Structures are given as structure tokens and as C-alpha cells.
Amino acid sequence: MKTKEDIYNNVVDILSKTFDLDPAAIKPEANLYTDLDIDSIDAIDLLVKLQQVTGKRMQPEAFKSVRTVQDIVDAVDVLLTQ
Amino acid sequence: MIERAERAVRGLATGFCFAVFGLGQLALAFAVFPLLMLFMRDEVRRGRLAKNIVHLSMRIFVKVMSLTILDFEARHLERLDRPGLLVLANHPSLIDIVFLISFIRQADCIVKATLLDNPFTRYAILAGGFIRNTGGPALVESCGRSLALGNALIIFPEGTRSDPDGLRELQRGAANIAVRNRRDITPVVIRAREHNLGRHSRWWAAPKKRMSFEFEVGEDIKIEPFLERKREAPAAARELTEYLKNYFTERTQVYGRA
């Protein structure tokens with residue numbers, strides 16, 4: 001997980017496997033809540049998965065402003081370069 | 001003419017039922033439950049007693065309603081007579097929960113967190129230990145604890161009353177509770193005819209005919225197959241929600257509307 005592209009591919013993989021989503025529906029600009037139908041319980045699962053992959057703790061607070069798939073990628077990128 | 005008179009009488013009878021409910025609630029809210037809070041310290045025992053009191057009150061109220069304003073039929077109620085059930089039902093009317101609690105001795109349900117600030121409901125919720133809706137993952141956990149205590153947990157997966165023309169989109173909370181606590185689901189299909197207790201309907205305008213309700217307790221829906229097919233809990237909850245949607249849609253469309 002180095003470049004943003006790597007991160008993006010990883011995020012798509014997590015989303016499609018965990019939530020049984022069609023990978024084709026997952027685009028950078030897709031809104032997690034309206035387009036991908038992620039609810040509050042899903043969001044916590046997603047956080048846990050991201051932690052497993054990055055090995056870093058992501059604060060739920062930091063995740064509150066996340067709306068799209070690209071937002072996740074950016075948040076993870078910030079986390080990894082910290 | 002006779003028809004109109006009959007309808008007016010039914011309107012009055014509905015008002016009477018609301019009054020009975022209100023008076024019963026007053027007695028429970030300001031006498032019985034505060035006393036329970038004072039004199040019973042053991043939360044589990046108090047919760048059990050309070051739930052029994054609510055159950056008995058609802059049985060009496062259902063009796064009052066069936067003598068005055070409605071008919072109802074219930075099938076396979078024996079399936080509800082087991083501890084630790086996760087009971088899911090569609091939600092056509094205001095009084096679905098009244099019936100369900102009258103059928104189940106140890107019923108738990110999720111209540112709006114703000115009802116704790118309301119003096120009419122506060123002590124019933126505290127004494128009964130009913131689950132407050134804290135939302136998301138915390139709620140899934142409280143539901144698991146209630147089931148482990150042997151309560152039957154009643155949830156309307158639509159999240160609110162059905163639309164006038166049928167089932168609403170299901171929320172995934174109920175399926176998540178089932179999947180994450182590994183509990184089978186006991187479904188109850190509710191069919192309401194000629195009722196005026198739905199969303200946006202006016203209870204004081206009596207329906208043309210006497211109200212009639214049907215309750216059908218289905219066989220348990222096993223959770224294991226969903227967990228086997230989808231290893232991830234969120235994916236299993238999604239598939240289960242889809243299954244439930246079809247289950248309730250197929251069974252409520254008999255009369256053309258839920």
C-alpha cells in the first residue's frame with residue numbers, strides 16, 4: 001500500500017468483499033451512503049477492515065467527514081504518511 | 001343512514017379505546033412503575049416483572065378492543081412461546097406492538113431514546129429495562145444482551161409504520177442483530193384490513209367496516225445458511241435483509257395492500 005492507486009485498489013477490494021458490492025459500481029466519486037448503501041453499522045466494519053489492512057488505528061472522528069470512496073483513499077493516505 | 005350511524009358509533013368506540021389506553025397508561029406510568037423503581041432494586045427481576053405487567057395490560061386492552069372495535073385472528077402463537085426469540089414483523093398499524101406484546105410474556109422492544117424524557121413513558125422504560133435506541137453498533141450489542149436474558153425481542157425492520165400501499169424499504173439493523181448474535185428469526189406477518197391506524201391515517205375517522213387483523217407466526221428463518229454462504233457479517237446481513245423483504249412482501253400482498 002504505497003501509491004494512491006494501490007490504496008484505491010485495496011479499498012475497492014474491501015468494499016466489494018465485505019459488503020457484497022459489485023466492483024463495477026465502486027467508483028472514486030461514489031457516495032458511500034447514498035450510492036453504496038453503507039449504514040452506520042457497516043461504517044464501523046469498514047473502519048475495522050481498514051485498520052487490519054493499514055495496521056493503523058483510524059479515529060471514527062476522522063471518518064465522519066468521509067463521504068465518497070475517494071475520501072477513504074485520501075484519509076488512508078494521510079494516515080500512512082503520518 | 002344506518003350505515004352512517006354505525007360508523008359514528010365505531011368512531012366513538014375508537015375514542016373510548018384510546019381513553020382506556022390512556023387511563024391504563026396513567027396508572028402504570030405514575031403509580032405502578034415508579035413504585036417498582038422504589039421497591040425493587042434487582043434490575044433483572046424488576047425488568048421481568050415490569051414486562052409481565054405490560055404483557056397483561058396489553059392482553060386486557062386487546063380484549064377491550066376485540067369487544068368494541070375490531071376482530072382479529074392469530075395463527076401459530078405457540079411458536080412465540082419460547083425464550084430468547086428474535087421476532088420480526090411488518091408494521092401496518094399503530095397497534096401491532098400492542099398485539100405482539102399481548103402474545104408474548106417476556107417481550108422486549110427498542111424505544112426511541114427521547115421517550116425517556118417523557119414522564120408518561122419514562123418509568124415504564126426504566127422499570128422494564130426496555131432497549132433505548134442508541135443507534136448503530138451499540139444498539140446491536142444491547143439487543144444481544146436482551147436476547148441472552150431470555151427476552152423475546154420484537155423489531156419492525158421497516159423502522160416505522162408501513163406505507164399505505166405496502167412494505168417500506170427494510171433497514172438492515174434487524175438482520176445485523178440476527179447475524180451478529182447468531183439468532184434465528186421468528187417472523188410474524190400482520191395483515192390489517194379496513195383499519196385507520198396506519199401512517200398518515202386519521203384514527204378518529206372510523207373505517208367503513210369493522211377493523212380486522214390477522215397475525216401469522218411463521219416457522220423460524222434459520223440464520224446459519226446465510227452465514228455459510230457469506231462469510232462476512234455485513235454481506236450476510238444484506239442478503240438476509242433481501243430475503244426478509246421478499247418474505248414479507250409475498251405474504252402481505254394477499255389483499256393487495258399490507
# chains A, B, ... in the order shown; residues from 1 in each chain; ligands from 1

$ residues_around --residues "Ala13 of chain B" --least-positions-apart "3" --cutoff "7 Å" --atoms "only C-alpha atoms" --output "PyMOL selection string"
chain B and resi 9-10+16-17+68-69

$ residues_around --residues "Val69 of chain A" --least-positions-apart "3" --cutoff "8 Å" --atoms "only C-alpha atoms" --output "NGL selection string"
:A and (11 or 26-32 or 72-73)

$ write_last_selection --atoms "all heavy atoms" --output "CSV table (one decimal), in the first residue's frame"
chain,number,residue,atom,x,y,z
A,11,VAL,N,-9.1,-0.6,-1.3
A,11,VAL,CA,-10.4,-0.1,-0.8
A,11,VAL,C,-11.5,-0.8,-1.6
A,11,VAL,O,-12.5,-1.3,-1.0
A,11,VAL,CB,-10.5,1.4,-0.8
A,11,VAL,CG1,-11.9,1.9,-0.6
A,11,VAL,CG2,-9.6,2.1,0.2
A,26,ILE,N,-18.3,0.6,-7.8
A,26,ILE,CA,-17.5,1.3,-6.9
A,26,ILE,C,-16.6,2.2,-7.8
A,26,ILE,O,-15.7,1.7,-8.5
A,26,ILE,CB,-16.6,0.3,-6.0
A,26,ILE,CG1,-17.6,-0.6,-5.3
A,26,ILE,CG2,-15.8,1.1,-5.1
A,26,ILE,CD1,-16.8,-1.7,-4.6
A,27,LYS,N,-16.8,3.5,-7.7
A,27,LYS,CA,-16.0,4.5,-8.4
A,27,LYS,C,-15.5,5.5,-7.4
A,27,LYS,O,-16.1,5.6,-6.3
A,27,LYS,CB,-16.9,5.2,-9.4
A,27,LYS,CG,-17.5,4.3,-10.5
A,27,LYS,CD,-18.3,5.0,-11.5
A,27,LYS,CE,-18.9,4.1,-12.5
A,27,LYS,NZ,-20.3,3.8,-12.2
A,28,PRO,N,-14.4,6.2,-7.7
A,28,PRO,CA,-13.9,7.2,-6.8
A,28,PRO,C,-14.9,8.2,-6.3
A,28,PRO,O,-15.0,8.5,-5.1
A,28,PRO,CB,-12.8,7.9,-7.6
A,28,PRO,CG,-12.4,7.0,-8.6
A,28,PRO,CD,-13.6,6.2,-9.0
A,29,GLU,N,-15.8,8.6,-7.2
A,29,GLU,CA,-16.8,9.6,-6.7
A,29,GLU,C,-18.1,9.0,-6.1
A,29,GLU,O,-19.0,9.8,-5.7
A,29,GLU,CB,-17.2,10.5,-7.9
A,29,GLU,CG,-17.9,9.9,-9.1
A,29,GLU,CD,-17.0,9.1,-10.0
A,29,GLU,OE1,-15.9,8.8,-9.7
A,29,GLU,OE2,-17.6,8.7,-11.1
A,30,ALA,N,-18.2,7.7,-6.0
A,30,ALA,CA,-19.4,7.1,-5.5
A,30,ALA,C,-19.5,7.5,-4.0
A,30,ALA,O,-18.6,7.3,-3.2
A,30,ALA,CB,-19.3,5.6,-5.7
A,31,ASN,N,-20.7,7.9,-3.7
A,31,ASN,CA,-21.0,8.2,-2.3
A,31,ASN,C,-21.3,7.0,-1.5
A,31,ASN,O,-22.1,6.1,-1.9
A,31,ASN,CB,-22.3,9.2,-2.2
A,31,ASN,CG,-22.5,9.6,-0.8
A,31,ASN,OD1,-22.8,8.9,0.1
A,31,ASN,ND2,-22.5,11.0,-0.6
A,32,LEU,N,-20.6,6.8,-0.3
A,32,LEU,CA,-20.8,5.6,0.4
A,32,LEU,C,-22.2,5.3,0.9
A,32,LEU,O,-22.7,4.2,0.9
A,32,LEU,CB,-19.9,5.6,1.7
A,32,LEU,CG,-18.4,5.7,1.4
A,32,LEU,CD1,-17.6,5.8,2.7
A,32,LEU,CD2,-17.9,4.4,0.7
A,72,ILE,N,-12.1,8.0,1.4
A,72,ILE,CA,-11.5,7.0,2.1
A,72,ILE,C,-10.0,6.9,1.7
A,72,ILE,O,-9.1,6.8,2.6
A,72,ILE,CB,-12.1,5.6,1.9
A,72,ILE,CG1,-13.6,5.6,2.1
A,72,ILE,CG2,-11.4,4.5,2.7
A,72,ILE,CD1,-14.3,4.2,1.9
A,73,VAL,N,-9.8,6.9,0.4
A,73,VAL,CA,-8.4,6.7,-0.1
A,73,VAL,C,-7.6,7.9,0.5
A,73,VAL,O,-6.5,7.6,1.0
A,73,VAL,CB,-8.4,6.8,-1.6
A,73,VAL,CG1,-7.0,6.7,-2.2
A,73,VAL,CG2,-9.2,5.6,-2.2

$ interface_residues --of "chain B" --to "chain A" --cutoff "10 Å" --atoms "only C-alpha atoms" --output "count of residues only"
20

$ atom_distance --atom1 "atom CA of Ser212 of chain B" --atom2 "atom CA of Asn52 of chain B"
26.2 Å

$ closest_residue --among "A:Gln59, A:Thr54, A:Val12, A:Leu47" --to "Thr81 of chain A" --atoms "only C-alpha atoms"
A:Thr54

$ residues_around --residues "Ile53 of chain B" --least-positions-apart "2" --cutoff "10 Å" --atoms "only C-alpha atoms" --output "number ranges by chain"
B: 28, 32-33, 47-51, 55-59, 105-106, 124, 128

$ atom_distance --atom1 "atom CA of Gly24 of chain B" --atom2 "atom CA of Leu197 of chain B"
19.7 Å

$ select_by_dssp --residues "chain A" --states "alpha helix (DSSP H)" --output "PyMOL selection string"
chain A and resi 4-19+40-54+60-64+69-81

$ residues_around --residues "Glu216 of chain B" --least-positions-apart "2" --cutoff "7 Å" --atoms "only C-alpha atoms" --output "PDB file with C-alpha atoms, in the first residue's frame"
ATOM      1  CA  ALA B  74     -53.895 -15.282  15.246  1.00  0.00           C
ATOM      2  CA  ARG B  75     -52.248 -18.439  13.969  1.00  0.00           C
ATOM      3  CA  HIS B  76     -49.373 -20.455  15.480  1.00  0.00           C
ATOM      4  CA  VAL B 188     -44.837 -12.568  12.202  1.00  0.00           C
ATOM      5  CA  VAL B 189     -46.863 -11.485   9.194  1.00  0.00           C
ATOM      6  CA  ILE B 190     -49.511  -8.924  10.042  1.00  0.00           C
ATOM      7  CA  GLU B 214     -54.587 -11.253  11.108  1.00  0.00           C
ATOM      8  CA  GLY B 218     -44.152 -18.294  10.600  1.00  0.00           C
TER       9      GLY B 218
END

$ closest_residue --among "B:Gly84, B:Asn90, B:Arg210, B:Ile95" --to "Asn181 of chain B" --atoms "only C-alpha atoms"
B:Gly84

$ residues_around --residues "Arg122 of chain B" --least-positions-apart "6" --cutoff "12 Å" --atoms "only C-alpha atoms" --output "list of chain:residue names"
B:Gln25, B:Leu26, B:Leu28, B:Ala29, B:Phe30, B:Phe33, B:Pro34, B:Met37, B:Val111, B:Lys112, B:Ala113, B:Thr114, B:Leu115, B:Leu116, B:Gly128, B:Gly129, B:Phe130, B:Arg132

$ closest_residue --among "B:Val54, B:Leu85, B:Ala8, B:Ala107" --to "Arg182 of chain B" --atoms "only C-alpha atoms"
B:Leu85

$ closest_residue --among "B:Ala27, B:Ile2, B:Ile60, B:Val44" --to "Leu149 of chain B" --atoms "only C-alpha atoms"
B:Val44

$ closest_residue --among "B:Leu36, B:Ala175, B:Ile101, B:Met1" --to "Leu126 of chain B" --atoms "only C-alpha atoms"
B:Leu36

$ residues_around --residues "Lys245 of chain B" --least-positions-apart "4" --cutoff "10 Å" --atoms "only C-alpha atoms" --output "PDB file with N, CA and C atoms, in the first residue's frame"
ATOM      1  N   ASN B  90     -43.896  -7.137  10.016  1.00  0.00           N
ATOM      2  CA  ASN B  90     -44.198  -5.931   9.238  1.00  0.00           C
ATOM      3  C   ASN B  90     -45.063  -5.028  10.126  1.00  0.00           C
ATOM      4  N   PRO B 157     -38.598  -4.327  11.127  1.00  0.00           N
ATOM      5  CA  PRO B 157     -37.427  -3.978  10.309  1.00  0.00           C
ATOM      6  C   PRO B 157     -37.654  -2.796   9.368  1.00  0.00           C
ATOM      7  N   GLU B 158     -38.893  -2.401   9.164  1.00  0.00           N
ATOM      8  CA  GLU B 158     -39.142  -1.217   8.333  1.00  0.00           C
ATOM      9  C   GLU B 158     -38.713   0.052   9.059  1.00  0.00           C
ATOM     10  N   LEU B 167     -45.213  -2.574   2.090  1.00  0.00           N
ATOM     11  CA  LEU B 167     -43.975  -2.613   2.860  1.00  0.00           C
ATOM     12  C   LEU B 167     -43.012  -1.502   2.460  1.00  0.00           C
ATOM     13  N   ARG B 168     -42.388  -0.869   3.451  1.00  0.00           N
ATOM     14  CA  ARG B 168     -41.335   0.100   3.169  1.00  0.00           C
ATOM     15  C   ARG B 168     -40.015  -0.627   2.958  1.00  0.00           C
ATOM     16  N   GLU B 169     -39.036   0.106   2.496  1.00  0.00           N
ATOM     17  CA  GLU B 169     -37.687  -0.448   2.379  1.00  0.00           C
ATOM     18  C   GLU B 169     -37.232  -0.897   3.781  1.00  0.00           C
ATOM     19  N   LEU B 170     -36.661  -2.107   3.893  1.00  0.00           N
ATOM     20  CA  LEU B 170     -36.238  -2.572   5.214  1.00  0.00           C
ATOM     21  C   LEU B 170     -34.881  -1.981   5.591  1.00  0.00           C
ATOM     22  N   GLN B 171     -34.735  -1.620   6.868  1.00  0.00           N
ATOM     23  CA  GLN B 171     -33.436  -1.216   7.381  1.00  0.00           C
ATOM     24  C   GLN B 171     -32.638  -2.495   7.638  1.00  0.00           C
ATOM     25  N   GLU B 239     -27.849  -9.928   2.509  1.00  0.00           N
ATOM     26  CA  GLU B 239     -28.612 -10.986   1.854  1.00  0.00           C
ATOM     27  C   GLU B 239     -29.857 -11.334   2.660  1.00  0.00           C
ATOM     28  N   LEU B 240     -29.690 -11.382   3.983  1.00  0.00           N
ATOM     29  CA  LEU B 240     -30.818 -11.695   4.854  1.00  0.00           C
ATOM     30  C   LEU B 240     -31.913 -10.627   4.744  1.00  0.00           C
ATOM     31  N   THR B 241     -31.513  -9.371   4.652  1.00  0.00           N
ATOM     32  CA  THR B 241     -32.485  -8.279   4.523  1.00  0.00           C
ATOM     33  C   THR B 241     -33.291  -8.438   3.234  1.00  0.00           C
ATOM     34  N   THR B 249     -43.094  -9.244   1.688  1.00  0.00           N
ATOM     35  CA  THR B 249     -43.836  -8.738   0.536  1.00  0.00           C
ATOM     36  C   THR B 249     -44.792  -9.808   0.008  1.00  0.00           C
ATOM     37  N   GLU B 250     -44.263 -11.023  -0.206  1.00  0.00           N
ATOM     38  CA  GLU B 250     -45.101 -12.114  -0.727  1.00  0.00           C
ATOM     39  C   GLU B 250     -46.309 -12.374   0.161  1.00  0.00           C
TER      40      GLU B 250
END
